[in-house]
Amino acid sequence: MFGICNLSIIPLRLEPSDTSEMVNQIIFGEHFYVLNRTKKWSKIKLAFDGYEGYVDNKQYEEISEITFNQLENEHQFYAGELIDFISDKNNNLTTIPLGARLPFYEKNTFTINNNSYIYEGKINSKQLPKNSIVETAFQFLNTPYLWGGKTPFGIDCSGFTQTVYKLCGYSLLRDAKEQATQGDVLSFIEESEPGDLAFFDNEEGHITHVGIVMNDYNIIHAHGKVRIDKLDHSGIYNTDTLKHSHKLRMIKKMI
C-alpha cells in the first residue's frame, strides 16, 4: 500500500497511540509506503528519507503504486511561502506551510488522486547555488524548537537543516546522526564555507546536534529557537549566555 499526506502537517509517532512521542512530521504532499495498517493506525516509511513511524489512518489518503512511482520520478515543486492556502474545486481552503510538496504541479494547479487544487504562491523547484542555503535558512529565524518538527511553526535541529536543503534542491537524511554520514569531512574550521553543516556530540560521543555554517564564524541552528551564534574550534558559543552550548565534532561539506 501507498499513501500521501493531504493535510497541512501531521505527526509521525513512535508508537501507534495519540499520546506517543512525535518523532517527525509529514508535510502536505509527502508520499510514503504503508508498511502495515490496522484499524486506526498505519506504520509508514517516508519516500523522501526512509523515516518510519505511525500515522492516524484518518490523516492521509491512499494512492496507487502507479501514482507513487510517478511521484518518485517527477520533478518536485515545493511551496515557497512561509504559510499559504490552497483551494479545491469547491473553494475549500487548506493551509500549507513552507516546504509543502505540490504533486504534478503545472500553471498554479496540482492534483492528488482525482482532486485538483490551486496554489498561486511562490514556488521552489530548482537546485539553487550553495550561497542560497543561508539565505533560505533566514526564513526560519526565531522559529521555536519542537522535537520532531520541520516547519516554520516548530522545528528541531536536523529538521531545520533537512528542510532548508530540500528547499534549495538537495536531499539530506532526517536525524543529525544520519546527516553526519553524508558529505565530506573538512580538516579545519577555516576550510568551511557558508552552507556547510557543523555537527556536535555529547559526552558519550554521540552526534546530537547540527547547524548551518555562515560567514565570519557564525552558525544558524535550532536551539530553543532558530538562532545565530558564534562557531569556534570548541563548538557553539551562545551569544546570550556567553557560554559554549555544544561541543564541535566535525564540519562536513554536503555540496
# chains A, B, ... in the order shown; residues from 1 in each chain; ligands from 1

call {"tool": "residues_around", "arguments": {"residues": "segment 80-96 of chain A", "least_positions_apart": "5", "cutoff": "8 Å", "atoms": "only C-alpha atoms", "output": "list in words"}}
result
Leu7, Ser8, Ile9, Phe28, Asn115, Ser116, Tyr117, Ile118, Tyr119, Glu120, Gly121, Lys122, Ile123, Asn124, Gln139, Pro152 and Leu167 of chain A

call {"tool": "write_last_selection", "arguments": {"atoms": "N, CA and C atoms", "output": "tab-separated table (two decimals), in the first residue's frame"}}
result
chain	number	residue	atom	x	y	z
A	7	LEU	N	-3.15	16.77	4.32
A	7	LEU	CA	-3.40	17.79	5.33
A	7	LEU	C	-2.11	18.61	5.51
A	8	SER	N	-2.23	19.75	6.16
A	8	SER	CA	-1.08	20.67	6.24
A	8	SER	C	0.14	20.03	6.89
A	9	ILE	N	-0.02	19.55	8.12
A	9	ILE	CA	1.09	18.97	8.87
A	9	ILE	C	0.50	17.88	9.76
A	28	PHE	N	2.24	18.40	3.95
A	28	PHE	CA	1.33	18.25	2.81
A	28	PHE	C	2.09	17.84	1.55
A	115	ASN	N	-8.41	14.75	-7.13
A	115	ASN	CA	-8.68	16.08	-6.59
A	115	ASN	C	-7.68	17.09	-7.15
A	116	SER	N	-8.22	18.19	-7.68
A	116	SER	CA	-7.40	19.24	-8.24
A	116	SER	C	-7.36	20.43	-7.29
A	117	TYR	N	-6.19	21.05	-7.16
A	117	TYR	CA	-6.02	22.18	-6.24
A	117	TYR	C	-5.37	23.35	-6.97
A	118	ILE	N	-5.62	24.54	-6.44
A	118	ILE	CA	-5.00	25.75	-6.97
A	118	ILE	C	-4.06	26.33	-5.91
A	119	TYR	N	-2.85	26.65	-6.34
A	119	TYR	CA	-1.86	27.31	-5.48
A	119	TYR	C	-1.23	28.43	-6.28
A	120	GLU	N	-1.26	29.65	-5.74
A	120	GLU	CA	-0.79	30.81	-6.50
A	120	GLU	C	0.42	31.48	-5.87
A	121	GLY	N	1.04	30.80	-4.91
A	121	GLY	CA	2.18	31.41	-4.23
A	121	GLY	C	3.51	31.11	-4.89
A	122	LYS	N	4.57	31.49	-4.20
A	122	LYS	CA	5.94	31.28	-4.67
A	122	LYS	C	6.26	29.79	-4.73
A	123	ILE	N	7.06	29.40	-5.71
A	123	ILE	CA	7.43	28.01	-5.93
A	123	ILE	C	8.95	27.85	-5.78
A	124	ASN	N	9.36	26.77	-5.13
A	124	ASN	CA	10.76	26.35	-5.13
A	124	ASN	C	10.85	25.06	-5.93
A	139	GLN	N	14.77	32.41	6.66
A	139	GLN	CA	13.31	32.42	6.73
A	139	GLN	C	12.79	31.75	8.01
A	152	PRO	N	8.01	26.18	9.81
A	152	PRO	CA	8.30	27.47	10.45
A	152	PRO	C	7.51	27.70	11.74
A	167	LEU	N	14.53	22.77	0.27
A	167	LEU	CA	14.03	23.94	-0.45
A	167	LEU	C	15.04	24.46	-1.48

call {"tool": "closest_atom_pairs", "arguments": {"of": "segment 69-148 of chain A", "to": "segment 223-227 of chain A", "cutoff": "6 Å", "atoms": "only C-alpha atoms", "output": "Markdown table"}}
result
| residue | atom | partner | partner_atom | distance |
| --- | --- | --- | --- | --- |
| A:Leu141 | CA | A:Val226 | CA | 5.0 |
| A:Asn142 | CA | A:Val226 | CA | 4.9 |
| A:Thr143 | CA | A:Lys225 | CA | 5.3 |
| A:Pro144 | CA | A:Lys225 | CA | 4.2 |
| A:Tyr145 | CA | A:Lys225 | CA | 4.8 |

call {"tool": "write_last_selection", "arguments": {"atoms": "C-alpha atoms", "output": "PDB file, in the first residue's frame"}}
result
ATOM      1  CA  LEU A 141      14.800  32.688  12.271  1.00  0.00           C
ATOM      2  CA  ASN A 142      13.050  32.655  15.673  1.00  0.00           C
ATOM      3  CA  THR A 143      11.046  29.522  14.814  1.00  0.00           C
ATOM      4  CA  PRO A 144      10.510  27.762  18.168  1.00  0.00           C
ATOM      5  CA  TYR A 145      12.281  24.482  18.768  1.00  0.00           C
TER       6      TYR A 145
END

call {"tool": "residues_around", "arguments": {"residues": "Gln179 of chain A", "least_positions_apart": "2", "cutoff": "12 Å", "atoms": "only C-alpha atoms", "output": "number ranges by chain"}}
result
A: 49, 157-162, 165, 171-177, 181-185, 196-200, 207-211, 250-254

call {"tool": "select_by_dssp", "arguments": {"residues": "segment 163-202 of chain A", "states": "strand (DSSP E)", "output": "list in words"}}
result
Asp184, Val185, Leu197, Ala198, Phe199, Phe200 and Asp201 of chain A

call {"tool": "write_last_selection", "arguments": {"atoms": "N, CA and C atoms", "output": "compact mmCIF listing (two decimals), in the first residue's frame"}}
result
# COMPACT_ATOMS: atom_id res chain seq x y z
N ASP A 184 31.45 15.28 2.88
CA ASP A 184 32.90 15.12 3.05
C ASP A 184 33.39 15.93 4.25
N VAL A 185 34.18 15.28 5.09
CA VAL A 185 34.70 15.95 6.29
C VAL A 185 35.76 16.98 5.92
N LEU A 197 27.65 22.04 6.88
CA LEU A 197 26.98 21.63 8.12
C LEU A 197 28.02 21.33 9.20
N ALA A 198 27.75 21.83 10.40
CA ALA A 198 28.59 21.54 11.56
C ALA A 198 27.83 20.59 12.48
N PHE A 199 28.53 19.55 12.96
CA PHE A 199 27.92 18.54 13.82
C PHE A 199 28.55 18.56 15.21
N PHE A 200 27.73 18.24 16.19
CA PHE A 200 28.15 18.36 17.58
C PHE A 200 27.76 17.10 18.34
N ASP A 201 28.61 16.68 19.30
CA ASP A 201 28.33 15.45 20.02
C ASP A 201 28.19 15.70 21.52

call {"tool": "residues_around", "arguments": {"residues": "Phe2 of chain A", "least_positions_apart": "6", "cutoff": "9 Å", "atoms": "only C-alpha atoms", "output": "PyMOL selection string"}}
result
chain A and resi 31-35+44+61-65+67-68
